[in-house]
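*Asks:* Take a look at the following structure, please.
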Amino acid sequence: MSNIITMIAPVNIAVIKYWGKRNEELILPLNDSVSVTLNANVMCAKTTVCVSPNFLEDEIWLNGAKESFTNQRLQNCLKEIKSRAAVERSVDDIFLTWKVHICSENNFPTAAGLASSAAGYACLVSALAKAYKIKSDVSSIARLGSGSACRSVYGGFVRWHAGVESDGSDSIAVQIANKSHWPEMSALILVVGDTQKKISSSKGMKLSVETSDLFQFRVQNCVPKRVEEICKAITTKDFVKFAEITMKDSNQFHAICLDSYPPITYMTDTSYKIIEMIHKYNNIHPKIKIAYTFDAGPNACLYLLEEEVPKILSLIQHIFPTSTPDKFITGLPIQHEKIDTDLIKIFSQPHQKDLLKYVIHTKIGDGPTEVIDGSHLLNECGWPTNLH
Ligand code: DP6
């Protein structure tokens with residue numbers, strides 16, 4: 001069937017955080033943000049869409065379970081795809097009246113709290129855009145699903161311009177550099193063993209806008225300068241500058257959370273132990289080697305250059321001992337290295353076991369791509385191939 005499309009889309013982790021909206025419905029941010037798109041072979045969302053005259057209603061299945069299509073964000077995305085297709089005259093009018101079936105899954109546990117909505121909506125919108133043959137930029141449509149999703153529409157390093165227009169037409173993501181510009185850039189996701197229920201990003205940022213005094217200072221005085229500086233650091237491959245700004249921006253974002261009222265705490269004791277480890281490691285080197293950043297949860301994303309990966313992994317295994325060593329490091333293959341004896345002396349006190357669940361090793365990656373091996377999540381009649 002020709003109207004069936006399957007895509008995979010990557011996760012992105014911001015180095016300058018998006019936090020705060022000026023328009024809740026159109027998901028328009030108060031500040032620009034910058035992110036790194038990660039390799040979709042390691043972590044991705046996969047979505048199949050099928051448009052057919054035989055369907056009676058729009059339907060969606062997420063991670064093996066049927067979900068309601070009444071979700072406003074989902075409806076906004078589909079509506080915008082159709083009106084874009086109408087403007088571009090990319091499909092016949094009759095095609096626009098047909099219903100759509102959508103089936104989507106993540107290849108990583110949603111419970112890990114790892115930017116799943118960004119990959120999910122970027123994938124959904126990219127697959128719909130392909131099905132409706134849309135040629136123009138779709139980051140502003142992905143944005144309607146989840147703000148951070150607009151950055152997953154591109155690979156490499158991406159800047160989301162907040163824009164100034166009230167209709168959001170200039171609130172789009174733009175690629176700063178593709179993945180081959182800085183292929184050594186690597187990431188380690190440290191999944192913290194914590195099941196604490198947290199306030200969603202949407203609710204959290206609303207509370208910060210309404211109650212934090214520091215918030216306005218960040219938006220007006222800090223972010224604009226940082227965005228320019230980090231874009232320059234990316235273009236010139238200045239890792240030290242890139243890392244310093246990344247860490248400072250993560251810290252400031254969490255300070256804003258704490259300055260919200262009532263305060264929001266996303267980081268846990270283990271998160272702070274990771275921060276301590278990274279600063280201690282950086283301090284014993286003449287230059288910064290690793291950066292950390294934390295989103296709306298306790299997990300860390302470490303950015304570092306390829307050559308540093310085996311060394312820091314040996315240190316992590318030493319400081320954060322695990323009872324499941326075989327499953328501890330996942331993702332891209334690594335060259336195992338024995339920990340340096342000097343490092344053991346400096347980091348002489350390992351923490352208790354299992355503070356970290358596992359580590360994902362990944363790299364910078366491309367934007368959404370079509371899956372052409374026929375492994376659709378919907379069968380030829382448009383029904384899920386795999387339901388729980
Ligand atoms: C901390 O994109 O999840 O990860 O637009 O309300 O869906 P909504 O929020 P979302 O917020 C992401 C916040 C963040 C920072 C970032 O990714 O820039």
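Chain labels follow the order of the structure tokens: the first chain is A, the next B, and so on; residue numbering restarts at 1 in every chain, and ligands are counted from 1 in their shown order.
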In region 76-170 of chain A, what's strand (DSSP E or B) per DSSP? Answer as a ChimeraX atom specification?
*Replies:* /A:99-106,157-160
*Asks:* For the selection just defined, write its residues with N, CA and C atoms to a file, as a short mmCIF file (atom, residue, chain, number, x, y, z; two decimals), in the first residue's frame.
*Replies:*
```cif
data_model
loop_
_atom_site.label_atom_id
_atom_site.label_comp_id
_atom_site.auth_asym_id
_atom_site.auth_seq_id
_atom_site.Cartn_x
_atom_site.Cartn_y
_atom_site.Cartn_z
N LYS A 99 -9.13 9.35 6.76
CA LYS A 99 -8.69 9.25 8.16
C LYS A 99 -7.29 8.63 8.22
N VAL A 100 -6.66 8.82 9.38
CA VAL A 100 -5.28 8.34 9.53
C VAL A 100 -5.15 7.40 10.73
N HIS A 101 -4.34 6.37 10.56
CA HIS A 101 -3.96 5.49 11.67
C HIS A 101 -2.48 5.74 11.97
N ILE A 102 -2.17 5.84 13.26
CA ILE A 102 -0.78 6.13 13.68
C ILE A 102 -0.37 5.10 14.73
N CYS A 103 0.81 4.56 14.57
CA CYS A 103 1.31 3.63 15.58
C CYS A 103 2.76 4.02 15.87
N SER A 104 3.07 4.20 17.15
CA SER A 104 4.40 4.71 17.49
C SER A 104 4.98 3.98 18.69
N GLU A 105 6.29 3.80 18.68
CA GLU A 105 6.94 3.22 19.87
C GLU A 105 8.34 3.79 20.04
N ASN A 106 8.83 3.71 21.27
CA ASN A 106 10.21 4.13 21.56
C ASN A 106 11.04 2.88 21.76
N PHE A 157 23.82 19.76 15.41
CA PHE A 157 23.60 20.79 16.43
C PHE A 157 22.48 21.69 15.94
N VAL A 158 21.52 21.97 16.80
CA VAL A 158 20.30 22.65 16.35
C VAL A 158 19.94 23.81 17.27
N ARG A 159 19.52 24.90 16.65
CA ARG A 159 19.04 26.05 17.44
C ARG A 159 17.55 26.26 17.15
N TRP A 160 16.80 26.37 18.22
CA TRP A 160 15.37 26.71 18.07
C TRP A 160 15.25 28.21 18.31
#
```
*Asks:* List all protein, DNA and RNA residues that have at least one atom no more than 8 Å from any atom of ligand 1, counting only C-alpha atoms and all ligand atoms, and write them as a VMD selection string.
*Replies:* chain A and resid 12 to 19 21 24 27 33 to 35 115 117 to 118 143 to 149 200 to 203 205 253 294 to 296
*Asks:* So that I can check the surroundings of Tyr281 (chain A), please list as a list in words every protein, DNA and RNA residue that reaches within 10 Å of it, counting only C-alpha atoms and ignoring chain neighbours fewer than 6 positions away.
*Replies:* Ile275, Ile288, Lys289, Ile290, Ile312, Leu315, Leu343, Ile346 and Phe347 of chain A
*Asks:* Would you please work out which residue, of A:Gly163, A:Gly156, A:Pro321, A:Gly64, is nearest to Pro384 (chain A) when using only C-alpha atoms?
*Replies:*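 Once distances to Pro384 (chain A) are computed over only C-alpha atoms, the minimum belongs to A:Gly64.
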*Asks:* Counting only C-alpha atoms, which residue out of A:Cys231, A:Ile334, A:Cys50, A:Ile60 sits closest to Leu387 (chain A)?
*Replies:*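 Selected residue with least distance to Leu387 (chain A): A:Ile60.
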*Asks:* Please list as a list of chain:residue names every residue within 8 Å of Arg226 (chain A), counting only C-alpha atoms and excluding residues in the same chain fewer than 3 positions away.
*Replies:*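 The neighbour list is A:Ile16, A:Cys222, A:Val223, A:Glu229, A:Ile230, A:Ile245.
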*Asks:* Print the selection's residues with C-alpha atoms to a file, as a PDB file, in the first residue's frame.
*Replies:*
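The result, stored in part.pdb:
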```pdb
ATOM      1  CA  ILE A  16      20.821  25.769  26.363  1.00  0.00           C
ATOM      2  CA  CYS A 222      21.835  35.230  30.311  1.00  0.00           C
ATOM      3  CA  VAL A 223      20.353  33.139  27.520  1.00  0.00           C
ATOM      4  CA  GLU A 229      28.626  31.977  22.570  1.00  0.00           C
ATOM      5  CA  ILE A 230      27.709  28.311  22.323  1.00  0.00           C
ATOM      6  CA  ILE A 245      28.286  27.003  28.933  1.00  0.00           C
TER       7      ILE A 245
END
```
